[in-house]
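Asker: Sharing data25.txt below, compact mmCIF, C-alpha atoms:
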```
# COMPACT_ATOMS: atom_id res chain seq x y z
CA MET A 3 30.01 -33.75 2.51
CA THR A 4 26.38 -33.03 1.59
CA SER A 5 25.72 -33.53 -2.13
CA ALA A 6 23.74 -31.09 -4.27
CA THR A 7 21.00 -33.70 -4.61
CA ASP A 8 20.75 -34.02 -0.82
CA GLN A 9 20.54 -30.23 -0.56
CA VAL A 10 17.62 -30.17 -3.00
CA ALA A 11 15.87 -32.99 -1.15
CA GLY A 12 16.14 -31.08 2.11
CA LEU A 13 14.95 -27.72 0.78
CA ASP A 14 11.26 -28.27 1.43
CA ASP A 15 11.92 -29.69 4.90
CA LEU A 16 14.02 -26.65 5.77
CA ALA A 17 11.43 -24.21 4.46
CA THR A 18 8.65 -26.06 6.28
CA THR A 19 10.32 -25.68 9.66
CA THR A 20 11.75 -22.17 9.37
CA HIS A 21 9.69 -20.00 7.04
CA LEU A 22 6.01 -19.09 6.70
CA ARG A 23 4.39 -16.46 4.51
CA PHE A 24 0.90 -15.50 5.63
CA ALA A 25 -1.70 -12.82 4.91
CA THR A 26 -4.39 -11.29 7.09
CA ALA A 27 -7.80 -10.33 5.70
CA GLY A 28 -11.21 -9.35 6.97
CA SER A 29 -13.84 -6.66 6.74
CA VAL A 30 -13.41 -3.07 7.87
CA ASP A 31 -13.05 -2.72 11.66
CA ASP A 32 -12.71 -6.45 12.23
CA GLY A 33 -9.36 -5.72 13.89
CA LYS A 34 -6.72 -6.96 11.45
CA SER A 35 -4.17 -4.27 12.19
CA THR A 36 -4.74 -4.63 15.92
CA LEU A 37 -4.18 -8.39 15.64
CA VAL A 38 -0.95 -7.86 13.71
CA GLY A 39 0.18 -5.26 16.21
CA ARG A 40 -0.62 -7.62 19.08
CA LEU A 41 1.32 -10.43 17.39
CA LEU A 42 4.35 -8.20 16.93
CA HIS A 43 4.14 -6.71 20.41
CA ASP A 44 3.50 -9.87 22.42
CA SER A 45 6.09 -11.88 20.48
CA LYS A 46 8.59 -9.14 21.33
CA SER A 47 9.18 -8.30 17.68
CA VAL A 48 8.77 -4.53 18.06
CA LEU A 49 11.81 -2.29 18.46
CA THR A 50 11.85 0.16 21.36
CA ASP A 51 11.79 3.24 19.12
CA GLN A 52 8.84 1.83 17.15
CA MET A 53 6.87 1.30 20.33
CA GLU A 54 7.74 4.76 21.59
CA ALA A 55 6.50 6.26 18.31
CA VAL A 56 3.21 4.35 18.61
CA GLU A 57 2.76 5.45 22.22
CA ALA A 58 3.40 9.08 21.26
CA ALA A 59 0.98 8.91 18.31
CA SER A 60 -1.68 7.29 20.52
CA ALA A 61 -1.25 9.99 23.18
CA ARG A 62 -1.70 12.72 20.58
CA ARG A 63 -5.02 11.14 19.66
CA GLY A 64 -6.13 11.13 23.28
CA GLN A 65 -5.79 7.38 23.79
CA VAL A 66 -4.61 6.12 27.16
CA ALA A 67 -3.28 2.76 25.94
CA PRO A 68 -1.03 2.36 22.87
CA ASP A 69 -2.98 1.69 19.68
CA LEU A 70 -1.18 -1.38 18.36
CA ALA A 71 -2.85 -0.99 14.96
CA LEU A 72 -0.48 1.92 14.32
CA LEU A 73 2.38 -0.58 14.06
CA THR A 74 1.06 -1.56 10.62
CA ASP A 75 -1.17 1.32 9.46
CA GLY A 76 1.64 3.56 8.31
CA LEU A 77 -0.06 5.68 5.65
CA ARG A 78 -1.35 9.05 6.81
CA ALA A 79 -4.77 8.36 5.31
CA GLU A 80 -4.89 5.01 7.11
CA ARG A 81 -4.29 6.60 10.50
CA GLU A 82 -6.77 9.38 9.86
CA GLN A 83 -9.55 7.01 8.77
CA GLY A 84 -8.67 4.08 11.01
CA ILE A 85 -8.60 1.64 8.08
CA THR A 86 -5.96 -0.25 6.12
CA ILE A 87 -5.58 0.88 2.50
CA ASP A 88 -2.31 -0.55 1.22
CA VAL A 89 -0.76 -3.96 1.82
CA ALA A 90 1.62 -3.64 4.77
CA TYR A 91 4.45 -6.18 4.86
CA ARG A 92 6.09 -7.06 8.14
CA TYR A 93 8.92 -9.43 8.97
CA PHE A 94 9.33 -11.03 12.36
CA ALA A 95 10.63 -14.22 13.92
CA THR A 96 10.26 -16.43 16.95
CA ALA A 97 12.51 -19.21 18.19
CA ARG A 98 10.55 -21.69 16.05
CA ARG A 99 9.96 -19.94 12.72
CA ARG A 100 10.50 -16.84 10.57
CA PHE A 101 7.45 -15.01 9.22
CA ILE A 102 6.64 -12.74 6.29
CA LEU A 103 3.28 -11.11 6.95
CA ALA A 104 1.05 -9.25 4.50
CA ASP A 105 -1.62 -7.19 6.29
CA THR A 106 -4.23 -6.61 3.57
CA PRO A 107 -7.10 -4.09 3.45
CA GLY A 108 -10.62 -4.94 4.56
CA HIS A 109 -12.67 -2.36 2.66
CA VAL A 110 -14.40 -3.79 -0.42
CA GLN A 111 -12.78 -1.04 -2.50
CA TYR A 112 -9.37 -2.56 -1.77
CA THR A 113 -10.16 -6.26 -2.19
CA ARG A 114 -7.79 -6.30 -5.15
CA ASN A 115 -4.98 -5.53 -2.70
CA MET A 116 -5.80 -8.77 -0.90
CA VAL A 117 -5.09 -10.62 -4.15
CA THR A 118 -1.63 -9.06 -4.16
CA GLY A 119 -0.96 -9.87 -0.51
CA ALA A 120 -2.28 -13.43 -0.58
CA SER A 121 -0.82 -14.44 -3.96
CA THR A 122 2.33 -15.86 -2.35
CA ALA A 123 0.86 -16.83 1.03
CA ASP A 124 1.07 -20.29 2.57
CA LEU A 125 -1.67 -19.38 5.03
CA ALA A 126 -4.44 -16.77 5.27
CA VAL A 127 -5.89 -15.43 8.52
CA VAL A 128 -9.47 -14.27 7.91
CA LEU A 129 -10.87 -12.14 10.75
CA VAL A 130 -14.53 -11.95 11.65
CA ASP A 131 -16.14 -9.61 14.18
CA ALA A 132 -17.90 -11.87 16.69
CA ARG A 133 -20.81 -9.40 16.81
CA ASN A 134 -21.38 -9.39 13.04
CA GLY A 135 -20.52 -12.93 11.99
CA VAL A 136 -19.86 -13.96 8.39
CA ILE A 137 -20.68 -11.09 6.02
CA GLU A 138 -20.23 -10.55 2.27
CA GLN A 139 -16.66 -9.32 2.56
CA THR A 140 -15.78 -12.36 4.67
CA ARG A 141 -17.10 -14.58 1.89
CA ARG A 142 -15.17 -12.56 -0.68
CA HIS A 143 -11.92 -13.03 1.22
CA ALA A 144 -12.57 -16.75 1.59
CA ALA A 145 -13.21 -16.96 -2.16
CA VAL A 146 -9.98 -15.14 -2.97
CA ALA A 147 -8.03 -17.46 -0.66
CA ALA A 148 -9.62 -20.48 -2.35
CA LEU A 149 -9.04 -19.06 -5.82
CA LEU A 150 -5.36 -18.47 -5.04
CA ARG A 151 -5.25 -21.98 -3.56
CA VAL A 152 -3.89 -20.88 -0.21
CA PRO A 153 -3.52 -24.27 1.51
CA HIS A 154 -4.29 -23.20 5.09
CA VAL A 155 -6.95 -20.76 6.32
CA VAL A 156 -7.33 -19.58 9.92
CA LEU A 157 -10.71 -18.16 10.93
CA ALA A 158 -9.96 -15.71 13.74
CA VAL A 159 -13.24 -14.80 15.44
CA ASN A 160 -12.23 -11.47 16.97
CA LYS A 161 -13.72 -9.21 19.65
CA MET A 162 -14.88 -12.13 21.74
CA ASP A 163 -14.69 -9.77 24.74
CA LEU A 164 -17.65 -7.87 23.24
CA VAL A 165 -19.86 -10.99 23.24
CA ALA A 166 -18.93 -11.97 26.80
CA TYR A 167 -16.60 -14.72 25.52
CA GLU A 168 -19.63 -16.88 24.72
CA GLU A 169 -18.78 -20.25 23.17
CA SER A 170 -22.09 -20.36 21.30
CA ALA A 171 -21.28 -17.13 19.43
CA PHE A 172 -17.95 -18.55 18.30
CA ALA A 173 -19.38 -21.96 17.38
CA ALA A 174 -22.11 -20.52 15.16
CA ILE A 175 -19.66 -18.38 13.18
CA ALA A 176 -17.11 -21.19 12.88
CA GLU A 177 -19.75 -23.61 11.57
CA LYS A 178 -21.07 -21.17 8.97
CA PHE A 179 -17.64 -20.12 7.70
CA THR A 180 -16.29 -23.68 7.61
CA ALA A 181 -19.24 -24.86 5.52
CA TYR A 182 -18.78 -21.98 3.06
CA ALA A 183 -15.01 -22.32 2.74
CA SER A 184 -15.27 -26.09 2.37
CA ASP A 185 -17.67 -25.62 -0.54
CA LEU A 186 -15.02 -23.44 -2.16
CA GLY A 187 -12.48 -26.24 -1.75
CA VAL A 188 -10.29 -24.78 1.02
CA PRO A 189 -8.38 -27.88 2.22
CA GLU A 190 -7.76 -26.90 5.85
CA ILE A 191 -9.65 -24.48 8.12
CA THR A 192 -8.72 -23.75 11.74
CA ALA A 193 -11.08 -21.60 13.83
CA ILE A 194 -9.67 -19.68 16.82
CA PRO A 195 -11.65 -17.35 19.17
CA ILE A 196 -9.60 -14.24 20.03
CA SER A 197 -9.62 -10.72 21.33
CA ALA A 198 -6.82 -8.85 19.58
CA LEU A 199 -7.33 -5.80 21.77
CA ALA A 200 -7.08 -7.74 25.05
CA GLY A 201 -4.59 -10.31 23.76
CA ASP A 202 -6.79 -13.38 24.28
CA ASN A 203 -5.50 -16.42 22.35
CA VAL A 204 -3.21 -14.32 20.16
CA VAL A 205 0.16 -15.21 21.67
CA GLU A 206 -0.90 -16.44 25.10
CA PRO A 207 -3.89 -18.70 25.91
CA SER A 208 -6.95 -16.89 27.23
CA ALA A 209 -8.12 -17.30 30.81
CA ASN A 210 -11.53 -16.04 29.69
CA MET A 211 -12.27 -18.94 27.33
CA ASP A 212 -11.54 -22.13 29.25
CA TRP A 213 -13.98 -23.92 26.92
CA TYR A 214 -11.48 -23.57 24.06
CA GLY A 215 -8.69 -26.14 23.96
CA GLY A 216 -7.06 -25.34 20.60
CA PRO A 217 -3.90 -23.39 19.74
CA THR A 218 -3.32 -19.66 19.95
CA VAL A 219 -2.86 -17.78 16.69
CA LEU A 220 0.92 -17.64 17.08
CA GLY A 221 1.06 -21.24 18.26
CA HIS A 222 -0.72 -22.35 15.10
CA LEU A 223 1.47 -20.18 12.87
CA GLU A 224 4.58 -21.69 14.44
CA THR A 225 3.50 -25.30 13.99
CA VAL A 226 1.32 -25.53 10.87
CA PRO A 227 3.04 -27.86 8.38
CA VAL A 228 3.76 -25.99 5.17
CA SER A 229 5.36 -27.42 2.04
CA HIS A 230 6.58 -24.77 -0.38
CA GLY A 231 6.90 -27.31 -3.22
CA LEU A 232 10.16 -25.73 -4.36
CA THR A 233 11.35 -28.81 -6.20
CA ALA A 234 8.27 -31.00 -6.64
CA CYS A 235 6.96 -29.38 -9.84
CA PRO A 236 8.43 -30.01 -13.30
CA ALA A 237 11.25 -27.58 -14.01
CA ARG A 238 10.35 -24.25 -15.60
CA PHE A 239 12.90 -21.58 -16.61
CA PRO A 240 11.52 -18.32 -18.08
CA VAL A 241 14.32 -16.58 -19.97
CA GLN A 242 14.82 -13.04 -18.74
CA TYR A 243 17.96 -11.98 -20.59
CA VAL A 244 20.34 -13.32 -23.23
CA ILE A 245 24.01 -12.86 -22.31
CA ARG A 246 26.48 -12.55 -25.19
CA PRO A 247 29.58 -10.60 -24.03
CA GLN A 248 31.50 -11.19 -27.32
CA SER A 249 34.69 -10.30 -25.48
CA ALA A 250 38.22 -11.59 -25.94
CA GLU A 251 37.83 -13.57 -22.72
CA HIS A 252 34.46 -15.07 -23.72
CA PRO A 253 34.30 -14.87 -27.53
CA GLY A 254 31.62 -17.52 -28.09
CA TYR A 255 29.71 -17.33 -24.82
CA ARG A 256 25.91 -17.46 -25.10
CA GLY A 257 23.92 -17.82 -21.91
CA TYR A 258 20.28 -17.48 -20.96
CA ALA A 259 19.72 -15.77 -17.63
CA GLY A 260 16.69 -15.88 -15.38
CA GLN A 261 15.17 -17.32 -12.22
CA ILE A 262 14.11 -20.96 -12.07
CA ALA A 263 10.35 -20.77 -11.45
CA ALA A 264 9.89 -24.41 -10.47
CA GLY A 265 11.66 -27.74 -10.25
CA VAL A 266 15.30 -28.76 -10.69
CA LEU A 267 17.63 -28.40 -13.69
CA ARG A 268 20.79 -30.46 -14.24
CA VAL A 269 23.73 -30.40 -16.63
CA GLY A 270 23.17 -32.98 -19.38
CA GLN A 271 19.36 -32.68 -19.19
CA ALA A 272 17.41 -32.64 -22.46
CA VAL A 273 15.27 -29.51 -22.68
CA THR A 274 12.73 -27.91 -24.99
CA VAL A 275 12.49 -24.19 -25.71
CA LEU A 276 8.92 -22.91 -25.92
CA PRO A 277 6.98 -21.72 -27.83
CA SER A 278 9.31 -22.64 -30.73
CA GLY A 279 9.58 -26.31 -29.70
CA ARG A 280 13.31 -26.50 -30.47
CA THR A 281 15.28 -28.99 -28.37
CA SER A 282 18.76 -29.04 -26.92
CA VAL A 283 20.76 -30.22 -23.89
CA ILE A 284 21.97 -28.18 -20.92
CA GLU A 285 25.71 -27.88 -21.41
CA GLY A 286 26.38 -25.79 -18.30
CA ILE A 287 24.78 -23.88 -15.43
CA ASP A 288 26.43 -20.72 -14.07
CA ALA A 289 25.40 -19.47 -10.63
CA LEU A 290 27.07 -16.60 -8.76
CA GLY A 291 30.02 -16.66 -11.12
CA GLU A 292 30.69 -20.40 -10.77
CA SER A 293 29.72 -23.44 -12.80
CA VAL A 294 27.43 -25.89 -11.02
CA ASP A 295 25.94 -29.24 -11.96
CA ILE A 296 22.47 -28.67 -10.52
CA ALA A 297 20.16 -25.75 -9.71
CA TRP A 298 16.68 -25.53 -8.27
CA ALA A 299 13.62 -23.34 -7.94
CA LEU A 300 14.04 -19.63 -7.12
CA GLN A 301 17.77 -19.66 -7.87
CA SER A 302 18.87 -17.05 -10.41
CA VAL A 303 21.20 -18.76 -12.89
CA THR A 304 22.46 -18.68 -16.45
CA LEU A 305 21.94 -21.74 -18.65
CA ARG A 306 24.23 -22.70 -21.52
CA LEU A 307 22.91 -25.07 -24.20
CA THR A 308 24.85 -27.41 -26.48
CA ASP A 309 23.10 -26.12 -29.60
CA ASP A 310 23.23 -22.57 -30.98
CA ILE A 311 19.46 -22.06 -31.29
CA ASP A 312 17.29 -18.97 -31.26
CA VAL A 313 16.26 -18.23 -27.67
CA SER A 314 14.92 -14.82 -26.60
CA ARG A 315 13.53 -13.08 -23.55
CA GLY A 316 10.08 -14.48 -22.83
CA ASP A 317 10.88 -18.01 -24.01
CA LEU A 318 10.45 -20.87 -21.55
CA ILE A 319 13.00 -23.66 -21.13
CA ALA A 320 11.60 -26.91 -19.72
CA PRO A 321 12.62 -30.58 -19.56
CA SER A 322 11.68 -32.30 -22.81
CA THR A 323 9.96 -35.09 -20.85
CA SER A 324 7.60 -32.69 -19.02
CA ALA A 325 7.28 -29.61 -21.20
CA PRO A 326 3.92 -27.80 -21.01
CA ALA A 327 1.66 -27.55 -24.03
CA THR A 328 1.43 -24.19 -25.77
CA THR A 329 -1.87 -22.52 -26.53
CA GLN A 330 -3.34 -19.33 -27.93
CA ASP A 331 -6.69 -19.84 -26.18
CA VAL A 332 -6.29 -19.19 -22.46
CA GLU A 333 -9.17 -20.28 -20.24
CA ALA A 334 -8.84 -18.93 -16.73
CA THR A 335 -10.43 -17.43 -13.66
CA VAL A 336 -9.60 -13.79 -13.03
CA CYS A 337 -10.05 -11.28 -10.26
CA HIS A 338 -10.77 -7.93 -11.90
CA MET A 339 -8.68 -5.19 -10.30
CA ALA A 340 -9.12 -2.06 -12.41
CA ASP A 341 -11.70 0.71 -12.05
CA ARG A 342 -12.79 0.34 -15.68
CA PRO A 343 -14.79 -2.80 -16.62
CA LEU A 344 -13.34 -5.75 -18.50
CA VAL A 345 -15.62 -6.39 -21.50
CA VAL A 346 -15.87 -8.96 -24.28
CA GLY A 347 -13.81 -7.79 -27.24
CA ALA A 348 -11.35 -5.79 -25.14
CA ARG A 349 -7.82 -5.70 -26.52
CA VAL A 350 -5.30 -6.38 -23.77
CA LEU A 351 -1.74 -7.45 -23.11
CA ILE A 352 -1.21 -10.70 -21.25
CA LYS A 353 1.96 -10.95 -19.15
CA HIS A 354 3.01 -14.50 -18.32
CA THR A 355 6.36 -14.88 -16.52
CA THR A 356 8.80 -12.86 -18.67
CA ARG A 357 6.65 -12.95 -21.82
CA THR A 358 4.15 -10.24 -22.81
CA VAL A 359 1.90 -10.69 -25.86
CA LYS A 360 -1.14 -9.03 -27.39
CA ALA A 361 -4.52 -10.63 -26.79
CA ILE A 362 -8.27 -10.12 -27.03
CA VAL A 363 -10.98 -11.11 -24.57
CA LYS A 364 -13.13 -13.56 -26.53
CA GLU A 365 -15.62 -14.59 -23.86
CA ILE A 366 -16.63 -13.94 -20.26
CA PRO A 367 -18.56 -17.16 -19.64
CA SER A 368 -19.53 -16.51 -16.02
CA ARG A 369 -19.20 -14.38 -12.90
CA LEU A 370 -19.14 -15.81 -9.38
CA THR A 371 -21.77 -14.59 -6.91
CA LEU A 372 -20.34 -14.90 -3.42
CA ASP A 373 -23.58 -15.04 -1.46
CA ASP A 374 -24.55 -18.49 -2.72
CA LEU A 375 -21.52 -19.58 -4.81
CA THR A 376 -23.51 -19.53 -8.04
CA GLN A 377 -21.95 -18.91 -11.44
CA HIS A 378 -24.03 -16.36 -13.39
CA PRO A 379 -23.55 -16.96 -17.13
CA ASP A 380 -22.60 -14.39 -19.75
CA PRO A 381 -22.38 -11.29 -17.56
CA GLY A 382 -20.94 -9.32 -20.48
CA GLN A 383 -18.38 -7.59 -18.29
CA LEU A 384 -16.46 -7.80 -15.03
CA VAL A 385 -16.20 -4.78 -12.76
CA THR A 386 -13.82 -4.00 -9.89
CA ASN A 387 -13.41 -6.93 -7.46
CA ASP A 388 -15.50 -9.30 -9.60
CA ILE A 389 -14.29 -12.89 -9.88
CA GLY A 390 -15.16 -14.53 -13.18
CA ARG A 391 -14.18 -16.94 -15.94
CA VAL A 392 -12.64 -15.58 -19.15
CA VAL A 393 -11.40 -16.92 -22.46
CA VAL A 394 -8.54 -14.91 -23.96
CA ARG A 395 -7.12 -15.36 -27.46
CA THR A 396 -3.42 -14.47 -27.69
CA ALA A 397 -1.51 -13.30 -30.75
CA GLU A 398 1.35 -15.69 -29.96
CA PRO A 399 1.41 -19.08 -28.20
CA LEU A 400 1.97 -19.20 -24.45
CA ALA A 401 3.32 -22.12 -22.43
CA LEU A 402 1.04 -22.06 -19.39
CA ASP A 403 0.67 -24.67 -16.69
CA ALA A 404 -2.56 -25.06 -14.79
CA TYR A 405 -2.47 -22.79 -11.75
CA ALA A 406 -3.30 -25.79 -9.55
CA ASP A 407 -0.06 -27.44 -10.72
CA SER A 408 2.25 -24.42 -10.62
CA HIS A 409 1.35 -21.03 -9.17
CA ARG A 410 4.28 -19.25 -10.80
CA THR A 411 3.78 -20.51 -14.35
CA GLY A 412 -0.01 -20.85 -14.13
CA SER A 413 -0.67 -17.20 -13.30
CA PHE A 414 -0.72 -14.11 -15.48
CA LEU A 415 -1.79 -10.46 -15.63
CA LEU A 416 -4.10 -8.75 -18.09
CA ILE A 417 -2.81 -5.24 -18.84
CA ASP A 418 -4.32 -2.24 -20.62
CA PRO A 419 -2.06 -1.63 -23.65
CA ALA A 420 -2.93 2.08 -23.67
CA ASP A 421 -1.57 3.07 -20.27
CA GLY A 422 -0.10 -0.08 -18.67
CA THR A 423 -2.84 -0.38 -16.01
CA THR A 424 -3.20 -3.86 -14.51
CA LEU A 425 -6.73 -4.97 -15.37
CA ALA A 426 -6.94 -8.43 -13.83
CA ALA A 427 -4.95 -11.18 -12.16
CA GLY A 428 -5.56 -14.54 -13.79
CA MET A 429 -5.18 -18.20 -12.83
CA ALA A 430 -5.13 -20.65 -15.75
CA GLY A 431 -7.25 -23.78 -15.74
CA GLU A 432 -10.02 -24.72 -13.34
CA SER A 433 -10.74 -22.38 -10.45
CA PHE A 434 -12.13 -23.67 -7.16
CA THR A 435 -12.77 -27.32 -6.41
CA SER A 436 -16.21 -26.16 -5.30
CA ARG A 437 -19.79 -27.18 -5.74
CA ALA A 438 -20.69 -23.85 -7.32
CA ARG A 439 -23.60 -24.22 -9.74
CA THR A 440 -24.54 -22.28 -12.84
CA VAL A 441 -27.70 -20.19 -12.62
CA THR A 442 -29.96 -20.18 -15.67
CA PRO A 443 -31.86 -17.03 -16.66
CA ALA A 444 -35.07 -18.56 -15.28
CA ASP A 445 -33.42 -18.94 -11.87
CA GLU A 446 -32.72 -15.23 -11.72
CA GLU A 447 -36.28 -14.07 -12.14
CA GLY A 448 -37.52 -12.20 -9.11
CA TRP A 449 -34.15 -12.03 -7.43
CA GLY A 450 -33.77 -8.28 -7.86
CA PHE A 451 -30.07 -8.97 -8.31
CA GLN A 452 -28.12 -5.73 -8.47
CA ARG A 453 -24.50 -5.13 -9.32
```
What does this structure look like when you write it as structure tokens?

Answerer:
Amino acid sequence: MTSATDQVAGLDDLATTTHLRFATAGSVDDGKSTLVGRLLHDSKSVLTDQMEAVEAASARRGQVAPDLALLTDGLRAEREQGITIDVAYRYFATARRRFILADTPGHVQYTRNMVTGASTADLAVVLVDARNGVIEQTRRHAAVAALLRVPHVVLAVNKMDLVAYEESAFAAIAEKFTAYASDLGVPEITAIPISALAGDNVVEPSANMDWYGGPTVLGHLETVPVSHGLTACPARFPVQYVIRPQSAEHPGYRGYAGQIAAGVLRVGQAVTVLPSGRTSVIEGIDALGESVDIAWALQSVTLRLTDDIDVSRGDLIAPSTSAPATTQDVEATVCHMADRPLVVGARVLIKHTTRTVKAIVKEIPSRLTLDDLTQHPDPGQLVTNDIGRVVVRTAEPLALDAYADSHRTGSFLLIDPADGTTLAAGMAGESFTSRARTVTPADEEGWGFQR
């Protein structure tokens, strides 16, 4: 019989071989939706009625061939304008792996939607039009992928059929993008020349590019090694709900329910409750109505502690040997998502796991300029789609990890307390492992830099 410990040890191996979450990104008209449609169609992941609906919609628009982009562009406004606006999630599978795909918008106005789509991705596919090369929005998407620490990035140089399948056109774009993304700290970059419309190197190898000997897009997605790190991080358990039935059957029952954000928890383990710092020992773990000795990341469970201590929603339970430090001064990199600017002195709510506290923006030390990866100091505010550093002072202590160590407990949202609008998505600690430099005021003279 397989022990619980063996099951935990095999979780990452199982996830690596069977499951991949990936996001697509790129500028407007680079062909993201067509690529996704081609992937679904050529991997035989489209139902007959879906394909018939696409063929009918294409015919109504006067198109002879089915427009595969319609498989993902489902909003009426998207079909009318020929662009992606919302994040479209698709699920498909091949014999080798299951996929969860987030097709994200390309228009600069919707860059914030890419943050949403790529926040849980193991891999990002960044499309570039072979005729246009690397443009500002391409750099922005690479920066977001690096900021979110997506471990694998695929550069898909699309529309190679429109540049006569020239190797030199592909090589120049691949070299420029790779240098830029490497400076941002992206650990792995794979460049693939494709034509999503014609199907070259998407699912099947292209007969038009015999100079290319690498994988197809699907071939790479099926084989890229991905570790989800489900159990490698120190255990973190944000309390979502306190269960006290006070019934005749369970008169003294007190349990703390939630989802394990990271790591492994065991009965008998010494734990610390944060931010109070009180300690106890796990007396029992209840999962799906049964008591278990061990539980691991992403399982929803109820913990019972040996001591009757004050634990509330928003508290964090962690092993006493690896508990995070608490702080009221949060230093982080944020991607600003709201239409209204984020300014120094703004009063906000900060939502971290299940805890929401009041806070104030103390400083905005810098804003990243994507053209040359420079950090411009003291911008005073961040506007929509800006990426910048902030210092936030919270009214109550928070137990944050560095985002580089734990995505789930190192991330947070800044929220407008007046109407609940999400202002920014934040990543605690250092941002990119890049060579970005800070520009002094003297450096900016004569630049004509405009926001």

Asker: Which residues are close to stretch 379-391 of chain A, i.e. within 7 Å by all atoms listed in the file, leaving aside same-chain residues fewer than 5 positions away? Reply as a tab-separated table (two decimals) with C-alpha atoms, keeping the file's coordinate frame.

Answerer:
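For reference, part.tsv as written:
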```tsv
chain	number	residue	atom	x	y	z
A	113	THR	CA	-10.16	-6.26	-2.19
A	114	ARG	CA	-7.79	-6.30	-5.15
A	334	ALA	CA	-8.84	-18.93	-16.73
A	335	THR	CA	-10.43	-17.43	-13.66
A	336	VAL	CA	-9.60	-13.79	-13.03
A	337	CYS	CA	-10.05	-11.28	-10.26
A	338	HIS	CA	-10.77	-7.93	-11.90
A	339	MET	CA	-8.68	-5.19	-10.30
A	340	ALA	CA	-9.12	-2.06	-12.41
A	341	ASP	CA	-11.70	0.71	-12.05
A	342	ARG	CA	-12.79	0.34	-15.68
A	343	PRO	CA	-14.79	-2.80	-16.62
A	344	LEU	CA	-13.34	-5.75	-18.50
A	345	VAL	CA	-15.62	-6.39	-21.50
A	346	VAL	CA	-15.87	-8.96	-24.28
A	366	ILE	CA	-16.63	-13.94	-20.26
A	367	PRO	CA	-18.56	-17.16	-19.64
A	368	SER	CA	-19.53	-16.51	-16.02
A	369	ARG	CA	-19.20	-14.38	-12.90
A	370	LEU	CA	-19.14	-15.81	-9.38
A	440	THR	CA	-24.54	-22.28	-12.84
A	441	VAL	CA	-27.70	-20.19	-12.62
```

Asker: Go through A:Gly412, A:Pro207, A:Gly135, A:Pro326 one by one, measure the shortest atom-to-atom distance of each to A:Val165 using all atoms listed in the file, and give the residue with the smallest value.

Answerer: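 Comparing A:Gly412, A:Pro207, A:Gly135, A:Pro326 against A:Val165, the winner is A:Gly135.
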
Asker: What does the distance between atom CA of A:Ile196 and atom CA of A:Ser208 come to in Å, to one decimal place?

Answerer: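 We find that atom CA of A:Ile196 and atom CA of A:Ser208 lie 8.1 Å from each other.
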
Asker: Work out how far atom CA of A:Arg133 is from atom CA of A:Ala171, in Å to one decimal.

Answerer: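 Rounded to one decimal, the two atoms are 8.2 Å apart.
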
Asker: Looking at only C-alpha atoms, which of A:Ala430, A:Ile287, A:Ala234, A:Val38 is the one that sits closest to A:Gln271?

Answerer: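 Residue with the minimum atom-to-atom distance to A:Gln271: A:Ile287.
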
Asker: To one decimal in Å, tell me the separation between atom CA of A:Tyr258 and atom CA of A:Ala361.

Answerer: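 Calculated distance between atom CA of A:Tyr258 and atom CA of A:Ala361 is 26.4 Å.
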
Asker: Which polymer residues, protein or nucleic acid, are no farther than 6 Å from (15.5, -13.6, -19.8), counting all atoms listed in the file, as a PyMOL selection string?

Answerer: chain A and resi 241-244+259-260+315

Asker: Give the answer as one residue: which of A:Asp403, A:Asp317, A:Asp105, A:Asp374 has the shortest atom-to-atom distance to A:Ala120, using only C-alpha atoms?

Answerer: A:Asp105

Asker: May I have the residues within 6 Å of stretch 96-104 of chain A as a list in words, using only C-alpha atoms and disregarding those fewer than 5 positions away in the same chain?

Answerer: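 The neighbour list is Thr20, His21, Leu22, Arg23, Phe24, Ala25, Ala90, Tyr91, Gly119 and Glu224 of chain A.
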
Asker: From the list A:Ala148, A:Leu318, A:Ala406, A:Leu129, which residue is nearest A:Thr356 when using only C-alpha atoms?

Answerer: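 When distances to A:Thr356 are compared using only C-alpha atoms, the smallest one comes from A:Leu318.
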